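The block underneath contains the structure these notes are about, expressed in structure tokens.
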Amino acid sequence: MNTVVAFLHENQARLGLERYGGLAGMQSLILTPNFRASRHLIFLLFPEGQRTPVLVAKVPRAADAGSSLEQEARNLQAVHAATPGGMDSIPRLVAYETYCGYPLLIETAIVGPLMSPAAVRANRDVNCELLLEWLVTLERSTASTADAGWFERLIEHPISQLAQLLSLDAGEQQALEQTYQHTQALRSANFPLVCEHGDLSHPNIILLSETRVGVIDWELADPHGLPACDWFFFLSYVASALAQARTPDEHLKAFVSAFFGQTAWAGALIRRYTQSMGLADDLLKPLYVACWARYTAHLLLRLSEQQVAADADSAKWLRTNRYYHYWRYTLEHLDQLSWT
């Protein structure tokens, strides 16, 4: 904390920090996320006498692990640049610099109650509507023509990492081959790339008011990512929240209820999204497969960056992770996706 405060004091005039309140009595709340792939310490910064934070500082747990903070800084700049006047529903970058040997990210705070599982259960339809409106606005604003190497970057590379970083059994090898087969349809398809947040769920969604949401934590985002994947991911969070899922089996049961079979409640919301984005129906199945395969791969890549992915314990953890099971179940039951 001393490092963060010292940086703020030394750079107050240069960064125009006076607009965020006096620094003399700046207080902080330190968050240490405990999920396995977490890489940062987070500081909520409060001016003296105030009960809501005005700034957020992020520091990597290790001095050489700042690449994701650099990515978050670039992502925030890209999204704001794509929207006239920027988006007031996401943080604004204040500074990204190296200080005392550590990368340090400072951004504005987005304040409000979280779209927690309890909030979702209290009013599923309203929360889904708010998030859908926000996501469509984001994706329309950031839509861009696909570049020449997008398929290799967004699909082939992350999926290939599963084979390189994990000792695959026969079932997993078959799942990889099926993933490649099902996603090939995207290679020649005509659709825009969009800004993809990459982790659109609790605790990254904030209820700014009864009619607006805000979204934080942009380190996993891609300014030129795939459409629909954020929406699939969010709806899986809603499913788990509604079911009050705790165990992997409970999460998978909620996932199946939301997406598979004739009674899948997420189908109507997915159709709402595709109509708003003008996305062809025949792209939904390959995008859905890509969503869960890529998220599973990204979990493994994040562990690999921390040099813990190669051990047996990490491989065991991945195979019990809900998103790994979402990926495997999807491949085995594609014919039950009635909304595709």
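If you're wondering about the labels, chains in the structure tokens are A, B, ... by order shown, residues count from 1 in each chain, ligands from 1 in order shown.
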
Task: Residues of region 215-329 of chain A in alpha helix (DSSP H), written as a ChimeraX atom specification - done: /A:229-243,248-259,266-277,284-305,312-320,322-329

Residues of region 97-173 of chain A that have any atom at most 8 Å from an atom of region 284-301 of chain A: could you tabulate them with the shortest-distance atom pair and the distance in Å to one decimal, using only C-alpha atoms, ordered by chain and increasing number, as CSV?
residue,atom,partner,partner_atom,distance
A:Ile155,CA,A:Ala290,CA,6.9
A:Pro158,CA,A:Ala297,CA,5.7
A:Ile159,CA,A:Ala297,CA,5.9
A:Gln161,CA,A:Ala297,CA,6.5
A:Leu162,CA,A:Ala297,CA,5.7
A:Leu165,CA,A:Leu300,CA,7.5

Task: Nearest candidate to Trp231 (chain A) (options A:Ser201, A:Ser89, A:Asn321, A:Gln184; using only C-alpha atoms) - done: A:Ser201

TODO: as a PyMOL selection string, list the residues of region 46-224 of chain A assigned to strand (DSSP E or B) by DSSP on the backbone atoms of this structure.
DONE: chain A and resi 46+55-60+93-99+102-108+114+144+193-196+205-207+213-215+222-224

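The list of residues with at least one atom within 8 Å of Leu331 (chain A), based on only C-alpha atoms and without residues fewer than 5 positions apart in the same chain, reads Ala175, Gln178, Thr179 and Val289 of chain A.
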
Write a file of the selected residues as a CSV table (one decimal), in the first residue's frame, keeping N, CA and C atoms.
chain,number,residue,atom,x,y,z
A,175,ALA,N,-12.1,-34.9,-28.0
A,175,ALA,CA,-12.8,-33.6,-27.8
A,175,ALA,C,-12.1,-32.5,-28.6
A,178,GLN,N,-12.9,-32.9,-32.3
A,178,GLN,CA,-14.3,-32.4,-32.5
A,178,GLN,C,-14.4,-30.9,-32.5
A,179,THR,N,-13.7,-30.3,-31.6
A,179,THR,CA,-13.7,-28.8,-31.5
A,179,THR,C,-13.2,-28.2,-32.8
A,289,VAL,N,-19.4,-23.8,-29.3
A,289,VAL,CA,-18.3,-24.8,-29.0
A,289,VAL,C,-17.1,-24.0,-28.7

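Among the candidates A:Asp147, A:Glu139, A:Glu172, A:Glu70, the residue lying nearest to Glu196 (chain A) is A:Glu139 (atoms considered: only C-alpha atoms).
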
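Once Asp125 (chain A) and its same-chain neighbours fewer than 6 positions away are set aside, Ala119, Leu131, Leu132, Leu235, Val238, Leu242, Trp265, Ala266, Ala268 and Leu269 of chain A remain within 12 Å of it when counting only C-alpha atoms.
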
Task: 7 Å contact set for Tyr96 (chain A), only C-alpha atoms, chain neighbours under 5 positions out, as an MDAnalysis selection string - done: chainID A and resid 73 104:106

- [ ] Give the answer as one residue: which of A:Arg302, A:His80, A:Arg39, A:His202 has the shortest atom-to-atom distance to Ser314 (chain A), using only C-alpha atoms?
- [x] A:Arg302

Tell me, as a PDB file with N, CA and C atoms, in the first residue's frame, which residues lie within 10 Å of region 243-255 of chain A, counting only C-alpha atoms; anything in the same chain fewer than 3 positions away does not count.
ATOM      1  N   PRO A 117     -25.312 -13.257  -7.332  1.00  0.00           N
ATOM      2  CA  PRO A 117     -26.288 -14.331  -7.553  1.00  0.00           C
ATOM      3  C   PRO A 117     -27.640 -14.037  -6.917  1.00  0.00           C
ATOM      4  N   ALA A 118     -27.632 -13.430  -5.719  1.00  0.00           N
ATOM      5  CA  ALA A 118     -28.907 -13.090  -5.075  1.00  0.00           C
ATOM      6  C   ALA A 118     -29.676 -12.056  -5.885  1.00  0.00           C
ATOM      7  N   ARG A 121     -31.261 -13.815  -8.828  1.00  0.00           N
ATOM      8  CA  ARG A 121     -32.440 -14.586  -8.426  1.00  0.00           C
ATOM      9  C   ARG A 121     -33.637 -13.676  -8.143  1.00  0.00           C
ATOM     10  N   LEU A 235     -24.930 -15.908 -19.507  1.00  0.00           N
ATOM     11  CA  LEU A 235     -26.119 -16.727 -19.270  1.00  0.00           C
ATOM     12  C   LEU A 235     -25.790 -17.971 -18.456  1.00  0.00           C
ATOM     13  N   SER A 236     -24.584 -18.503 -18.594  1.00  0.00           N
ATOM     14  CA  SER A 236     -24.188 -19.639 -17.751  1.00  0.00           C
ATOM     15  C   SER A 236     -24.062 -19.202 -16.295  1.00  0.00           C
ATOM     16  N   TYR A 237     -23.584 -17.963 -16.079  1.00  0.00           N
ATOM     17  CA  TYR A 237     -23.547 -17.433 -14.714  1.00  0.00           C
ATOM     18  C   TYR A 237     -24.950 -17.291 -14.152  1.00  0.00           C
ATOM     19  N   VAL A 238     -25.865 -16.762 -14.952  1.00  0.00           N
ATOM     20  CA  VAL A 238     -27.255 -16.619 -14.511  1.00  0.00           C
ATOM     21  C   VAL A 238     -27.838 -17.978 -14.141  1.00  0.00           C
ATOM     22  N   ALA A 239     -27.560 -18.983 -14.964  1.00  0.00           N
ATOM     23  CA  ALA A 239     -28.081 -20.328 -14.689  1.00  0.00           C
ATOM     24  C   ALA A 239     -27.598 -20.841 -13.334  1.00  0.00           C
ATOM     25  N   SER A 240     -26.318 -20.689 -13.057  1.00  0.00           N
ATOM     26  CA  SER A 240     -25.772 -21.149 -11.782  1.00  0.00           C
ATOM     27  C   SER A 240     -26.332 -20.348 -10.618  1.00  0.00           C
ATOM     28  N   ALA A 258     -30.348 -24.587 -18.776  1.00  0.00           N
ATOM     29  CA  ALA A 258     -30.416 -23.293 -19.462  1.00  0.00           C
ATOM     30  C   ALA A 258     -30.298 -23.420 -20.966  1.00  0.00           C
ATOM     31  N   PHE A 259     -29.444 -24.328 -21.453  1.00  0.00           N
ATOM     32  CA  PHE A 259     -29.073 -24.316 -22.867  1.00  0.00           C
ATOM     33  C   PHE A 259     -29.551 -25.511 -23.683  1.00  0.00           C
ATOM     34  N   PHE A 260     -29.858 -26.637 -23.054  1.00  0.00           N
ATOM     35  CA  PHE A 260     -30.077 -27.872 -23.813  1.00  0.00           C
ATOM     36  C   PHE A 260     -31.525 -28.348 -23.705  1.00  0.00           C
ATOM     37  N   ALA A 264     -35.048 -25.278 -22.885  1.00  0.00           N
ATOM     38  CA  ALA A 264     -33.912 -24.425 -22.517  1.00  0.00           C
ATOM     39  C   ALA A 264     -34.348 -22.960 -22.448  1.00  0.00           C
ATOM     40  N   ALA A 266     -32.624 -20.264 -21.891  1.00  0.00           N
ATOM     41  CA  ALA A 266     -31.711 -19.274 -22.466  1.00  0.00           C
ATOM     42  C   ALA A 266     -31.913 -19.084 -23.967  1.00  0.00           C
ATOM     43  N   THR A 320     -11.766 -30.782 -12.943  1.00  0.00           N
ATOM     44  CA  THR A 320     -12.943 -30.649 -12.080  1.00  0.00           C
ATOM     45  C   THR A 320     -13.608 -29.286 -12.231  1.00  0.00           C
ATOM     46  N   ASN A 321     -13.019 -28.412 -13.059  1.00  0.00           N
ATOM     47  CA  ASN A 321     -13.561 -27.070 -13.240  1.00  0.00           C
ATOM     48  C   ASN A 321     -14.845 -27.127 -14.049  1.00  0.00           C
ATOM     49  N   ARG A 322     -15.797 -26.281 -13.708  1.00  0.00           N
ATOM     50  CA  ARG A 322     -17.107 -26.309 -14.374  1.00  0.00           C
ATOM     51  C   ARG A 322     -16.998 -26.048 -15.871  1.00  0.00           C
ATOM     52  N   TYR A 323     -16.079 -25.142 -16.282  1.00  0.00           N
ATOM     53  CA  TYR A 323     -16.019 -24.767 -17.694  1.00  0.00           C
ATOM     54  C   TYR A 323     -15.441 -25.892 -18.548  1.00  0.00           C
ATOM     55  N   HIS A 325     -16.119 -28.988 -17.929  1.00  0.00           N
ATOM     56  CA  HIS A 325     -17.276 -29.867 -18.098  1.00  0.00           C
ATOM     57  C   HIS A 325     -18.303 -29.274 -19.053  1.00  0.00           C
ATOM     58  N   TYR A 326     -18.421 -27.955 -19.086  1.00  0.00           N
ATOM     59  CA  TYR A 326     -19.308 -27.334 -20.069  1.00  0.00           C
ATOM     60  C   TYR A 326     -18.831 -27.667 -21.488  1.00  0.00           C
ATOM     61  N   TYR A 329     -19.445 -31.485 -22.197  1.00  0.00           N
ATOM     62  CA  TYR A 329     -20.866 -31.789 -22.335  1.00  0.00           C
ATOM     63  C   TYR A 329     -21.417 -31.231 -23.652  1.00  0.00           C
ATOM     64  N   THR A 330     -20.994 -30.026 -24.015  1.00  0.00           N
ATOM     65  CA  THR A 330     -21.463 -29.405 -25.258  1.00  0.00           C
ATOM     66  C   THR A 330     -21.139 -30.282 -26.458  1.00  0.00           C
TER      67      THR A 330
END

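Coordinates place CA of Leu208 (chain A) at a distance of 8.9 Å from CA of Leu114 (chain A).
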
Open item on the list: List as JSON, numbers by chain the protein and nucleic acid residues near Ile110 (chain A), meaning an atom at most 7 Å away when only C-alpha atoms are counted, but skip any in the same chain fewer than 2 places from it.
Closed with: {"A": [90, 91, 108, 112, 214]}

TODO: Would you work out the distance separating CA of Val56 (chain A) from CA of Leu44 (chain A), expressed in Å to one decimal?
DONE: 4.8 Å

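Interatomic distance, CA of Arg14 (chain A) against CA of Gly49 (chain A): 24.3 Å.
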